[in-house]
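Source file run_20.txt; content: compact mmCIF, C-alpha atoms.
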# COMPACT_ATOMS: atom_id res chain seq x y z
CA MET A 27 10.77 3.05 26.08
CA ASN A 28 13.75 0.69 25.80
CA PHE A 29 12.82 -2.10 23.39
CA GLU A 30 16.13 -3.87 24.04
CA THR A 31 14.85 -5.30 27.34
CA LEU A 32 11.59 -6.74 25.96
CA LYS A 33 10.95 -10.48 26.21
CA HIS A 34 7.40 -10.96 24.86
CA ILE A 35 5.23 -8.61 22.75
CA TYR A 36 1.51 -9.06 22.09
CA PHE A 37 0.02 -7.67 18.85
CA LEU A 38 -3.68 -6.81 18.56
CA GLY A 39 -4.34 -7.07 14.81
CA ILE A 40 -1.09 -8.91 14.07
CA GLY A 41 -2.18 -9.83 10.53
CA GLY A 42 -2.26 -6.23 9.32
CA ILE A 43 0.41 -5.39 6.78
CA GLY A 44 2.10 -2.77 9.00
CA MET A 45 1.66 -4.78 12.19
CA SER A 46 3.14 -7.95 10.72
CA ALA A 47 6.24 -6.04 9.59
CA LEU A 48 6.78 -4.88 13.19
CA ALA A 49 6.14 -8.39 14.51
CA ARG A 50 8.77 -9.75 12.12
CA PHE A 51 11.21 -7.01 13.13
CA PHE A 52 10.97 -7.84 16.84
CA ALA A 53 11.05 -11.59 16.15
CA SER A 54 14.35 -11.05 14.33
CA LYS A 55 15.68 -9.65 17.63
CA GLY A 56 14.82 -12.89 19.45
CA ILE A 57 11.73 -11.50 21.18
CA ALA A 58 8.74 -13.85 21.61
CA ILE A 59 5.74 -12.71 19.54
CA SER A 60 2.08 -13.59 19.91
CA GLY A 61 -1.13 -11.91 18.84
CA TYR A 62 -4.75 -11.81 17.77
CA ASP A 63 -6.36 -11.29 14.39
CA ARG A 64 -9.92 -11.66 13.18
CA THR A 65 -9.13 -13.85 10.16
CA ARG A 66 -6.50 -16.51 9.50
CA THR A 67 -5.10 -15.11 6.27
CA PRO A 68 -2.09 -16.48 4.33
CA LEU A 69 0.01 -13.73 5.94
CA CYS A 70 -1.07 -14.90 9.42
CA GLU A 71 -0.14 -18.45 8.45
CA GLU A 72 3.31 -17.19 7.42
CA LEU A 73 3.74 -15.55 10.84
CA GLU A 74 2.76 -18.83 12.52
CA ASN A 75 5.27 -20.71 10.37
CA GLU A 76 7.90 -18.20 11.48
CA GLY A 77 7.27 -19.21 15.11
CA MET A 78 4.68 -16.66 16.24
CA THR A 79 1.54 -17.69 18.15
CA VAL A 80 -1.69 -16.29 16.70
CA HIS A 81 -5.33 -16.85 17.72
CA TYR A 82 -8.50 -15.75 15.95
CA THR A 83 -11.18 -15.52 18.66
CA GLU A 84 -11.68 -12.57 21.01
CA ASN A 85 -10.84 -14.22 24.31
CA ILE A 86 -8.79 -12.78 27.16
CA ASP A 87 -7.90 -16.32 28.26
CA PHE A 88 -5.80 -16.66 25.09
CA ILE A 89 -3.60 -13.68 26.02
CA PRO A 90 -0.21 -14.87 27.35
CA LYS A 91 0.55 -13.98 30.97
CA ASP A 92 4.17 -12.91 30.48
CA ILE A 93 3.83 -10.09 27.91
CA ASP A 94 5.70 -6.84 28.58
CA LEU A 95 4.39 -4.71 25.67
CA ILE A 96 1.10 -4.50 23.79
CA VAL A 97 1.05 -3.11 20.25
CA TYR A 98 -2.30 -2.37 18.62
CA THR A 99 -3.59 -1.12 15.30
CA PRO A 100 -6.13 1.74 15.26
CA ALA A 101 -8.27 -0.51 13.05
CA ILE A 102 -9.12 -2.55 16.19
CA PRO A 103 -12.62 -1.55 17.39
CA LYS A 104 -12.70 0.38 20.66
CA ASN A 105 -15.10 -2.19 22.16
CA HIS A 106 -12.91 -5.18 21.25
CA THR A 107 -12.97 -7.58 24.23
CA GLU A 108 -9.21 -7.99 24.46
CA PHE A 109 -8.48 -4.30 23.82
CA VAL A 110 -10.85 -3.23 26.62
CA TYR A 111 -9.25 -5.75 29.01
CA LEU A 112 -5.64 -4.90 28.15
CA GLN A 113 -6.20 -1.18 28.65
CA LYS A 114 -6.99 -1.91 32.30
CA THR A 115 -3.69 -3.71 32.93
CA ASN A 116 -0.40 -2.07 33.86
CA ILE A 117 1.32 -3.43 30.74
CA PRO A 118 2.60 -0.67 28.41
CA ILE A 119 0.33 -0.31 25.35
CA LEU A 120 1.38 1.54 22.18
CA LYS A 121 -0.08 2.20 18.74
CA ARG A 122 1.72 0.69 15.78
CA SER A 123 2.80 4.15 14.60
CA GLU A 124 4.30 4.99 18.01
CA VAL A 125 6.40 1.82 17.96
CA LEU A 126 7.60 2.51 14.41
CA GLY A 127 8.48 6.05 15.44
CA VAL A 128 10.63 4.82 18.36
CA ILE A 129 12.40 2.24 16.17
CA THR A 130 13.27 4.81 13.51
CA GLN A 131 14.04 7.76 15.80
CA ASN A 132 17.79 7.25 15.59
CA MET A 133 17.87 6.16 11.95
CA PHE A 134 18.06 8.02 8.63
CA GLY A 135 14.36 7.97 7.77
CA VAL A 136 13.18 7.87 4.16
CA CYS A 137 9.43 8.28 4.62
CA VAL A 138 6.96 7.94 1.74
CA ALA A 139 3.49 9.47 2.23
CA GLY A 140 0.50 10.01 -0.04
CA THR A 141 -3.03 8.78 -0.59
CA HIS A 142 -1.86 6.71 -3.58
CA GLY A 143 1.44 5.18 -4.65
CA LYS A 144 3.25 5.09 -1.32
CA THR A 145 3.57 1.29 -1.15
CA THR A 146 5.02 1.02 -4.64
CA ILE A 147 7.36 4.00 -4.22
CA SER A 148 8.68 2.86 -0.83
CA THR A 149 9.19 -0.70 -2.10
CA MET A 150 10.98 0.58 -5.21
CA ILE A 151 13.27 2.77 -3.08
CA ALA A 152 13.98 -0.14 -0.72
CA HIS A 153 14.90 -2.38 -3.66
CA LEU A 154 17.14 0.23 -5.31
CA LEU A 155 18.98 0.78 -2.01
CA THR A 156 19.21 -2.92 -1.14
CA GLN A 157 20.57 -3.81 -4.59
CA SER A 158 23.27 -1.15 -4.21
CA LYS A 159 26.20 -0.61 -1.86
CA VAL A 160 23.99 1.72 0.24
CA LYS A 161 21.62 -0.97 1.68
CA CYS A 162 18.68 -0.24 4.01
CA ASN A 163 16.05 -1.47 6.42
CA ALA A 164 12.45 -1.15 5.21
CA PHE A 165 8.98 -1.30 6.77
CA LEU A 166 6.61 -1.69 3.82
CA GLY A 167 2.85 -1.61 3.31
CA GLY A 168 2.89 -4.53 0.90
CA ILE A 169 4.71 -7.79 0.24
CA SER A 170 7.75 -7.16 -1.95
CA LYS A 171 8.02 -9.87 -4.59
CA ASN A 172 11.80 -9.47 -4.63
CA TYR A 173 12.10 -10.31 -0.92
CA ASN A 174 8.76 -12.10 -0.31
CA SER A 175 8.26 -9.92 2.77
CA ASN A 176 7.07 -6.54 4.00
CA LEU A 177 10.28 -6.21 6.02
CA VAL A 178 13.82 -5.73 4.75
CA LEU A 179 16.65 -5.88 7.30
CA CYS A 180 20.30 -4.87 7.17
CA GLU A 181 22.12 -4.67 10.49
CA THR A 182 24.95 -2.59 9.03
CA SER A 183 22.64 0.12 7.64
CA LYS A 184 21.16 3.04 9.55
CA THR A 185 18.81 3.95 6.68
CA ALA A 186 15.13 3.06 7.17
CA VAL A 187 12.61 3.24 4.34
CA ILE A 188 9.15 3.66 5.82
CA GLU A 189 5.69 3.75 4.32
CA ALA A 190 4.20 6.80 6.06
CA ASP A 191 0.49 6.08 6.57
CA GLU A 192 -1.87 9.07 6.81
CA PHE A 193 -4.67 6.96 8.33
CA ASP A 194 -5.29 8.03 11.93
CA ARG A 195 -2.46 10.59 11.45
CA SER A 196 0.04 7.78 12.02
CA PHE A 197 2.74 9.45 9.90
CA LEU A 198 3.08 12.29 12.42
CA LYS A 199 4.94 9.89 14.75
CA LEU A 200 7.81 9.43 12.28
CA TYR A 201 11.21 11.12 11.87
CA PRO A 202 11.67 11.83 8.14
CA LYS A 203 15.06 12.96 6.86
CA ILE A 204 13.96 12.49 3.26
CA ALA A 205 10.23 12.47 2.52
CA VAL A 206 7.99 11.90 -0.48
CA ILE A 207 4.41 13.11 -0.83
CA SER A 208 2.94 11.33 -3.83
CA SER A 209 -0.66 12.60 -3.74
CA ILE A 210 -3.19 14.29 -1.48
CA ASP A 211 -6.64 13.31 -2.68
CA ALA A 212 -9.61 13.34 -0.33
CA ASP A 213 -9.67 10.05 1.60
CA HIS A 214 -10.16 8.78 5.16
CA LEU A 215 -12.86 11.39 5.65
CA ASP A 216 -14.16 9.21 8.49
CA ILE A 217 -10.99 10.31 10.30
CA TYR A 218 -10.41 13.82 8.96
CA GLY A 219 -13.90 15.08 8.15
CA THR A 220 -12.76 17.32 5.27
CA LYS A 221 -10.00 17.37 2.66
CA GLU A 222 -8.76 20.68 4.12
CA ILE A 223 -8.15 19.09 7.51
CA MET A 224 -6.41 16.16 5.82
CA GLU A 225 -4.13 18.57 3.90
CA LYS A 226 -3.26 20.25 7.21
CA SER A 227 -2.07 16.87 8.49
CA PHE A 228 0.15 16.45 5.42
CA SER A 229 1.53 19.93 6.09
CA GLU A 230 2.40 18.87 9.63
CA PHE A 231 4.13 15.78 8.21
CA ALA A 232 6.16 17.87 5.74
CA ASN A 233 7.24 20.19 8.52
CA LEU A 234 8.69 17.26 10.49
CA ILE A 235 11.59 17.27 8.02
CA PRO A 236 14.68 18.96 9.51
CA LYS A 237 16.33 21.90 7.74
CA ASP A 238 19.05 19.65 6.34
CA GLY A 239 16.44 17.18 5.08
CA PHE A 240 14.78 16.89 1.68
CA LEU A 241 11.20 16.75 0.37
CA PHE A 242 9.95 15.42 -2.99
CA GLN A 243 6.34 16.13 -3.99
CA LYS A 244 4.23 15.18 -6.98
CA TYR A 245 3.95 18.21 -9.25
CA GLY A 246 0.69 20.01 -8.50
CA THR A 247 0.41 19.08 -4.81
CA PRO A 248 0.10 21.96 -2.30
CA ASN A 249 3.06 24.05 -1.17
CA PHE A 250 3.52 23.60 2.57
CA GLY A 251 5.95 26.46 3.06
CA ILE A 252 9.17 24.45 2.97
CA ALA A 253 11.65 23.84 0.14
CA TYR A 254 10.90 20.84 -2.06
CA LYS A 255 11.53 19.33 -5.49
CA THR A 256 8.73 18.15 -7.77
CA TYR A 257 8.32 15.07 -9.94
CA HIS A 258 5.85 13.96 -12.61
CA LEU A 259 5.49 11.32 -15.31
CA ASN A 260 6.05 13.74 -18.21
CA ASP A 261 5.29 17.35 -17.20
CA THR A 262 8.38 19.36 -18.12
CA ASN A 263 7.56 21.93 -15.41
CA ALA A 264 8.55 19.38 -12.77
CA ASP A 265 12.14 18.99 -11.54
CA TYR A 266 12.17 15.24 -12.31
CA TYR A 267 10.23 13.66 -15.20
CA THR A 268 10.49 11.31 -18.16
CA THR A 269 10.72 11.86 -21.90
CA ASN A 270 10.83 9.46 -24.82
CA LEU A 271 8.63 6.98 -22.98
CA ARG A 272 7.77 3.89 -25.01
CA VAL A 273 7.05 0.16 -24.73
CA GLU A 274 9.49 -2.36 -26.23
CA ASN A 275 9.19 -6.14 -25.77
CA GLY A 276 6.69 -5.63 -23.00
CA ASN A 277 9.00 -3.29 -21.01
CA TYR A 278 8.97 0.46 -20.50
CA LEU A 279 11.93 2.48 -21.77
CA PHE A 280 12.35 6.14 -20.93
CA ASP A 281 14.82 8.98 -20.47
CA PHE A 282 15.07 10.26 -16.91
CA ILE A 283 15.33 14.06 -16.65
CA SER A 284 16.62 15.67 -13.45
CA PRO A 285 18.24 18.98 -12.42
CA ASN A 286 21.57 17.13 -12.73
CA GLY A 287 21.08 16.05 -16.34
CA THR A 288 19.59 13.22 -18.40
CA TRP A 289 19.94 9.43 -18.14
CA LYS A 290 18.88 7.85 -21.40
CA ASP A 291 17.05 4.57 -21.97
CA LEU A 292 16.26 3.37 -18.46
CA VAL A 293 14.41 0.05 -18.61
CA MET A 294 11.58 -0.94 -16.27
CA THR A 295 9.98 -4.37 -16.49
CA TYR A 296 7.22 -3.60 -13.95
CA PRO A 297 3.97 -2.69 -15.78
CA GLY A 298 1.67 0.32 -15.36
CA LEU A 299 2.12 3.91 -16.54
CA HIS A 300 1.46 5.14 -13.00
CA ASN A 301 4.35 2.96 -11.88
CA VAL A 302 6.70 4.71 -14.30
CA GLU A 303 5.82 7.93 -12.47
CA ASN A 304 6.43 6.16 -9.15
CA ALA A 305 9.83 5.10 -10.50
CA VAL A 306 10.73 8.72 -11.28
CA VAL A 307 10.69 9.73 -7.63
CA ALA A 308 12.11 6.39 -6.43
CA VAL A 309 15.13 6.94 -8.70
CA ALA A 310 15.49 10.54 -7.49
CA VAL A 311 15.45 9.47 -3.83
CA ALA A 312 17.81 6.54 -4.36
CA HIS A 313 20.32 8.74 -6.18
CA LEU A 314 20.15 11.32 -3.36
CA CYS A 315 20.91 8.47 -0.92
CA GLY A 316 24.06 7.60 -2.83
CA VAL A 317 22.96 4.91 -5.30
CA THR A 318 24.90 5.20 -8.56
CA GLU A 319 23.40 5.46 -12.04
CA SER A 320 24.58 1.96 -12.99
CA GLU A 321 23.12 0.50 -9.76
CA ILE A 322 19.82 2.27 -10.41
CA ARG A 323 19.66 0.96 -13.99
CA GLU A 324 20.15 -2.61 -12.77
CA GLY A 325 17.76 -2.14 -9.84
CA LEU A 326 14.93 -0.92 -12.08
CA LYS A 327 15.36 -3.90 -14.41
CA THR A 328 15.19 -6.38 -11.52
CA PHE A 329 12.30 -4.79 -9.60
CA SER A 330 9.59 -7.47 -9.49
CA GLY A 331 6.86 -5.41 -7.86
CA ILE A 332 4.52 -5.93 -4.93
CA LYS A 333 1.83 -8.50 -4.36
CA ARG A 334 -1.57 -6.94 -5.13
CA ARG A 335 -0.04 -3.90 -6.86
CA PHE A 336 -0.65 -4.37 -10.60
CA ASP A 337 0.12 -8.03 -9.92
CA VAL A 338 0.04 -10.01 -13.17
CA HIS A 339 -1.07 -13.62 -12.51
CA ILE A 340 -1.80 -14.74 -16.09
CA LYS A 341 -0.54 -13.23 -19.33
CA THR A 342 -1.18 -15.07 -22.59
CA ASP A 343 -2.41 -14.05 -26.03
CA GLN A 344 -5.86 -15.36 -25.07
CA LEU A 345 -6.17 -14.15 -21.46
CA VAL A 346 -4.67 -11.66 -19.02
CA TYR A 347 -5.45 -11.59 -15.28
CA ILE A 348 -4.20 -8.72 -13.07
CA ASP A 349 -4.91 -8.13 -9.38
CA ASP A 350 -4.58 -4.68 -7.80
CA TYR A 351 -5.14 -3.06 -4.39
CA ALA A 352 -6.91 -0.05 -5.96
CA HIS A 353 -9.70 1.07 -3.61
CA HIS A 354 -10.02 4.83 -4.26
CA PRO A 355 -11.53 6.30 -7.46
CA ARG A 356 -8.23 7.89 -8.48
CA GLU A 357 -6.42 4.56 -8.05
CA ILE A 358 -9.07 2.67 -10.04
CA THR A 359 -8.80 5.19 -12.88
CA ALA A 360 -5.00 4.91 -12.94
CA CYS A 361 -5.14 1.12 -12.86
CA VAL A 362 -7.74 0.75 -15.64
CA LYS A 363 -6.02 3.33 -17.85
CA SER A 364 -2.70 1.50 -17.42
CA VAL A 365 -4.40 -1.75 -18.48
CA LYS A 366 -5.88 0.02 -21.52
CA ASN A 367 -2.44 1.40 -22.36
CA LEU A 368 -0.88 -2.07 -22.29
CA PHE A 369 -3.79 -3.85 -24.01
CA PRO A 370 -5.44 -1.13 -26.12
CA SER A 371 -7.74 -3.30 -28.25
CA ARG A 372 -8.92 -5.80 -25.63
CA LYS A 373 -12.09 -5.98 -23.53
CA ILE A 374 -11.61 -5.40 -19.80
CA THR A 375 -13.73 -7.11 -17.15
CA GLY A 376 -13.26 -5.66 -13.68
CA ILE A 377 -14.25 -7.19 -10.34
CA PHE A 378 -14.37 -4.54 -7.60
CA GLN A 379 -14.99 -4.86 -3.86
CA PRO A 380 -15.82 -1.47 -2.28
CA HIS A 381 -13.89 -0.84 0.96
CA LEU A 382 -15.71 0.94 3.82
CA TYR A 383 -19.29 2.21 3.84
CA SER A 384 -18.10 5.78 4.51
CA ARG A 385 -15.69 5.80 1.54
CA THR A 386 -18.38 4.36 -0.75
CA ARG A 387 -20.82 7.06 0.41
CA ASP A 388 -18.36 9.94 0.20
CA PHE A 389 -17.09 9.09 -3.30
CA ALA A 390 -20.03 7.27 -4.90
CA ASP A 391 -20.14 9.47 -8.01
CA ASP A 392 -16.35 9.31 -8.43
CA PHE A 393 -16.38 5.52 -8.04
CA ALA A 394 -19.11 5.28 -10.68
CA LYS A 395 -17.08 7.41 -13.10
CA SER A 396 -13.87 5.39 -12.66
CA LEU A 397 -15.59 1.97 -12.76
CA SER A 398 -17.46 2.99 -15.92
CA LEU A 399 -14.13 2.86 -17.76
CA LEU A 400 -14.55 -0.93 -17.72
CA ASP A 401 -16.33 -2.91 -20.44
CA THR A 402 -17.84 -5.24 -17.84
CA LEU A 403 -18.16 -4.55 -14.11
CA ILE A 404 -18.72 -7.28 -11.51
CA LEU A 405 -19.41 -5.54 -8.21
CA LEU A 406 -19.06 -7.31 -4.86
CA ASP A 407 -20.62 -6.40 -1.51
CA ILE A 408 -19.03 -3.59 0.52
CA TYR A 409 -16.22 -4.75 2.80
CA ALA A 410 -17.00 -3.21 6.20
CA ALA A 411 -13.51 -3.43 7.80
CA ARG A 412 -13.71 -1.34 10.98
CA GLU A 413 -17.17 0.13 10.25
CA LEU A 414 -20.80 -0.65 10.95
CA PRO A 415 -23.26 -0.48 8.01
CA ILE A 416 -24.59 2.96 7.01
CA ALA A 417 -28.27 3.12 6.06
CA GLY A 418 -28.77 3.40 2.30
CA VAL A 419 -25.12 2.75 1.40
CA THR A 420 -24.92 -0.46 -0.64
CA SER A 421 -23.19 -1.88 -3.69
CA GLU A 422 -26.57 -1.80 -5.48
CA ILE A 423 -26.62 2.01 -5.24
CA LEU A 424 -23.11 2.16 -6.73
CA LEU A 425 -24.00 -0.27 -9.52
CA GLU A 426 -26.97 1.88 -10.58
CA LYS A 427 -24.68 4.89 -11.06
CA CYS A 428 -22.21 3.00 -13.29
CA THR A 429 -22.60 3.18 -17.08
CA CYS A 430 -20.61 0.09 -18.15
CA PRO A 431 -22.09 -1.83 -21.10
CA THR A 432 -22.38 -4.86 -18.79
CA LYS A 433 -22.68 -4.68 -14.99
CA ILE A 434 -23.38 -7.48 -12.54
CA LEU A 435 -23.85 -7.67 -8.77
CA ALA A 436 -22.07 -10.63 -7.13
CA THR A 437 -20.86 -12.12 -3.87
CA LYS A 438 -17.58 -13.89 -3.18
CA HIS A 439 -19.55 -17.13 -2.98
CA ASN A 440 -21.09 -17.00 -6.48
CA LEU A 441 -18.24 -15.12 -8.17
CA LEU A 442 -16.68 -18.14 -9.90
CA ASP A 443 -20.09 -19.23 -11.21
CA ILE A 444 -20.59 -15.76 -12.71
CA LEU A 445 -17.10 -15.74 -14.25
CA LYS A 446 -17.93 -19.03 -16.00
CA THR A 447 -20.72 -17.22 -17.89
CA GLN A 448 -18.52 -14.33 -19.05
CA PRO A 449 -16.33 -14.09 -22.19
CA LEU A 450 -13.04 -13.08 -20.52
CA ASP A 451 -10.25 -11.27 -22.35
CA VAL A 452 -8.51 -9.10 -19.72
CA LEU A 453 -9.67 -9.65 -16.13
CA LEU A 454 -8.92 -7.22 -13.30
CA THR A 455 -9.65 -7.66 -9.57
CA MET A 456 -9.53 -4.51 -7.43
CA GLY A 457 -10.10 -3.67 -3.77
CA ALA A 458 -8.50 -3.38 -0.33
CA GLY A 459 -10.76 -5.74 1.65
CA ASP A 460 -10.68 -9.54 1.60
CA ILE A 461 -10.97 -9.76 -2.19
CA ASP A 462 -7.39 -11.05 -2.05
CA GLN A 463 -8.86 -14.36 -0.85
CA VAL A 464 -10.49 -14.98 -4.25
CA VAL A 465 -7.31 -14.33 -6.27
CA LYS A 466 -5.97 -17.87 -5.91
CA PRO A 467 -9.31 -19.60 -6.76
CA ILE A 468 -9.76 -17.30 -9.77
CA THR A 469 -6.21 -18.00 -10.98
CA GLU A 470 -6.66 -21.77 -10.57
CA TYR A 471 -9.99 -21.67 -12.44
CA LEU A 472 -8.57 -19.60 -15.31
CA GLN A 473 -5.53 -21.85 -15.64
Spell out the structure here as structure tokens.
Amino acid sequence: MNFETLKHIYFLGIGGIGMSALARFFASKGIAISGYDRTRTPLCEELENEGMTVHYTENIDFIPKDIDLIVYTPAIPKNHTEFVYLQKTNIPILKRSEVLGVITQNMFGVCVAGTHGKTTISTMIAHLLTQSKVKCNAFLGGISKNYNSNLVLCETSKTAVIEADEFDRSFLKLYPKIAVISSIDADHLDIYGTKEIMEKSFSEFANLIPKDGFLFQKYGTPNFGIAYKTYHLNDTNADYYTTNLRVENGNYLFDFISPNGTWKDLVMTYPGLHNVENAVVAVAVAHLCGVTESEIREGLKTFSGIKRRFDVHIKTDQLVYIDDYAHHPREITACVKSVKNLFPSRKITGIFQPHLYSRTRDFADDFAKSLSLLDTLILLDIYAARELPIAGVTSEILLEKCTCPTKILATKHNLLDILKTQPLDVLLTMGAGDIDQVVKPITEYLQ
């Protein structure tokens, strides 16, 4: 399909992080953009302020008459009123991943996949490239704090950094020249059924890389039968890793070890031990793309992070408040351990909103184990997203399994009242649902 001739695109689920990046991309080309989303989030408001028309009620009368392409997210329910109607028209209709694939088909694709870490890694790579002579375009799964957007554009660059989403097998529509696989833990079992089937999909993704391409994988992930280099935080069996890692003045310092030698005393201001590991592969990819050592050193120092990825809102001697997107047991464990590493003698209160009934059911014991690392757990109701309730799957069941010294069941509506009764030292909010809507009220209350 020739996107150059498009005049008006309609997005079903325009407020999604991947969808909004595409909407912004096409808007930058002068194409009219309109769309539907279920909730008027701050991101939707930003799109409206950028000139896009968005409505929030399922109503076919709100669909413009002059659209020449429909883009939809697989998170839209199959029985959605507008989706059902639009499928019966003669207007071309494409999934988000198909559109991203077409856009990047003739570009040098740097695609970052994995069940955890892909947003941070792809945003780090995009920043390192953008802050260098190399430059890039980037379609990100989070809002970069350096650029206040999930889209980075450079008309003179043919390099595209892309967050490669495994949900609904979307990443199989991409054209990776360089790829990263950061992790392959069981997830999205509502889509894949088993971890083995999910791994097969990652294998298919890896095999999309051409023979003159390059693959980086976290040390310990499966071998998919093609050549690759490994990375790790500090395992010396990997090709890329760190040594001499320490904290000075609130920043991480480390030596970067690669097959090409050692770079001493790299400085990273972005917190979280898991993010140091993310930086290892981001640096490796950026250097392969032509970014110099001095440019990488400066880029790491100036990387500000991503909204909702170990996002520090308050940091004083009396109180710390961090918000994170962690919604899988492995991510929660990494997040809490990073907090403990930074604040080893302080009490951690965690507010968690489970995301999806199926994920809560499939990993209930693992969630309980990771959440039990907290001193106090405040557990919100399950965020349904695209799912209907599953009998017997509730936050109460999850709370019973947790062994925290203090554990409380809450709703978004009474959360602030509960916080007022708690002695707070380090506070952590975690989840991938609409828990982001309580971050601002919590911050204002704490301040």
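Using only C-alpha atoms, the nearest neighbour of Ile374 (chain A) within the list A:Thr437, A:Leu454, A:Asp343, A:Glu72 is A:Leu454.
Counting all atoms listed in the file and comparing A:Ala101, A:Leu177, A:Ala417, A:Cys361, the residue that lies closest to Ser396 (chain A) is A:Cys361.
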Counting all atoms listed in the file, which residues of region 324-386 of chain A sit at most 6 Å from some atom of region 405-409 of chain A, and what is each one's closest atom pair with its distance in Å to one decimal, listed by chain and rising residue number, as JSON lines?
{"residue": "A:Ile377", "atom": "CA", "partner": "A:Leu405", "partner_atom": "CA", "distance": 5.8}
{"residue": "A:Phe378", "atom": "CA", "partner": "A:Leu405", "partner_atom": "CA", "distance": 5.2}
{"residue": "A:Gln379", "atom": "CA", "partner": "A:Leu406", "partner_atom": "CA", "distance": 4.9}
{"residue": "A:Pro380", "atom": "CA", "partner": "A:Ile408", "partner_atom": "CA", "distance": 4.8}
{"residue": "A:His381", "atom": "CA", "partner": "A:Tyr409", "partner_atom": "CA", "distance": 4.9}
{"residue": "A:Leu382", "atom": "CA", "partner": "A:Tyr409", "partner_atom": "CA", "distance": 5.8}
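The gap separating CA of Leu400 (chain A) from CA of Asn260 (chain A) is 25.3 Å, in Å to one decimal.
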Closest-contact table, region 294-386 of chain A side, partner region 264-276 of chain A, 10 Å, counting all atoms listed in the file, as a Markdown table:
| residue | atom | partner | partner_atom | distance |
| --- | --- | --- | --- | --- |
| A:Met294 | CA | A:Gly276 | CA | 9.5 |
| A:Thr295 | CA | A:Gly276 | CA | 7.4 |
| A:Tyr296 | CA | A:Gly276 | CA | 9.3 |
| A:Pro297 | CA | A:Gly276 | CA | 8.3 |
| A:Leu299 | CA | A:Leu271 | CA | 9.7 |
| A:Val302 | CA | A:Thr268 | CA | 8.5 |
| A:Glu303 | CA | A:Tyr267 | CA | 7.7 |
| A:Ala305 | CA | A:Tyr267 | CA | 9.8 |
| A:Val306 | CA | A:Tyr267 | CA | 6.3 |
| A:Val307 | CA | A:Tyr266 | CA | 7.4 |
| A:Val309 | CA | A:Tyr266 | CA | 9.5 |
| A:Ala310 | CA | A:Tyr266 | CA | 7.5 |
| A:Asn367 | CA | A:Val273 | CA | 9.9 |
| A:Leu368 | CA | A:Gly276 | CA | 8.4 |
For this session: For CA of Asn85 (chain A) and CA of Pro103 (chain A), quote the distance in Å rounded to one decimal.
Result: 14.5 Å
Exercise. Using all atoms listed in the file, which of the listed residues (A:Leu120, A:Leu259, A:Ala352, A:Leu399) sits closest to Gly457 (chain A)?
Worked result: A:Ala352
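The space separating CA of Arg335 (chain A) from CA of Thr402 (chain A) comes to 21.0 Å.
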Problem set entry | Spatial neighbours of Leu32 (chain A), 8 Å, all atoms listed in the file, chain gap at least 6 places, as a ChimeraX atom specification | /A:57,94-95
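In this comparison, which uses all atoms listed in the file, the residue of A:Thr65, A:Gln113, A:Asn277, A:Ser320 approaching Lys159 (chain A) most closely is A:Ser320.
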Problem set entry | Residue contacts of Val464 (chain A) (10 Å, only C-alpha atoms) excluding same-chain residues fewer than 4 positions away, as a ChimeraX atom specification | /A:438-439,441-442,455,460,468-469
Exercise. Which residue out of A:Leu450, A:Ile217, A:Val346, A:Ile283 has the minimum interatomic distance to Arg412 (chain A) when only C-alpha atoms are used?
Worked result: A:Ile217
For this session: Skip Val206 (chain A) itself and residues of its chain fewer than 4 positions away, then list as a PyMOL selection string all residues within 6 Å of it, counting only C-alpha atoms.
Result: chain A and resi 138-139+241-243
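For the residues A:Thr318, A:Gln157, A:Thr149, A:Thr256, ranking by smallest atom-to-atom distance to Glu189 (chain A) using all atoms listed in the file places A:Thr149 first.
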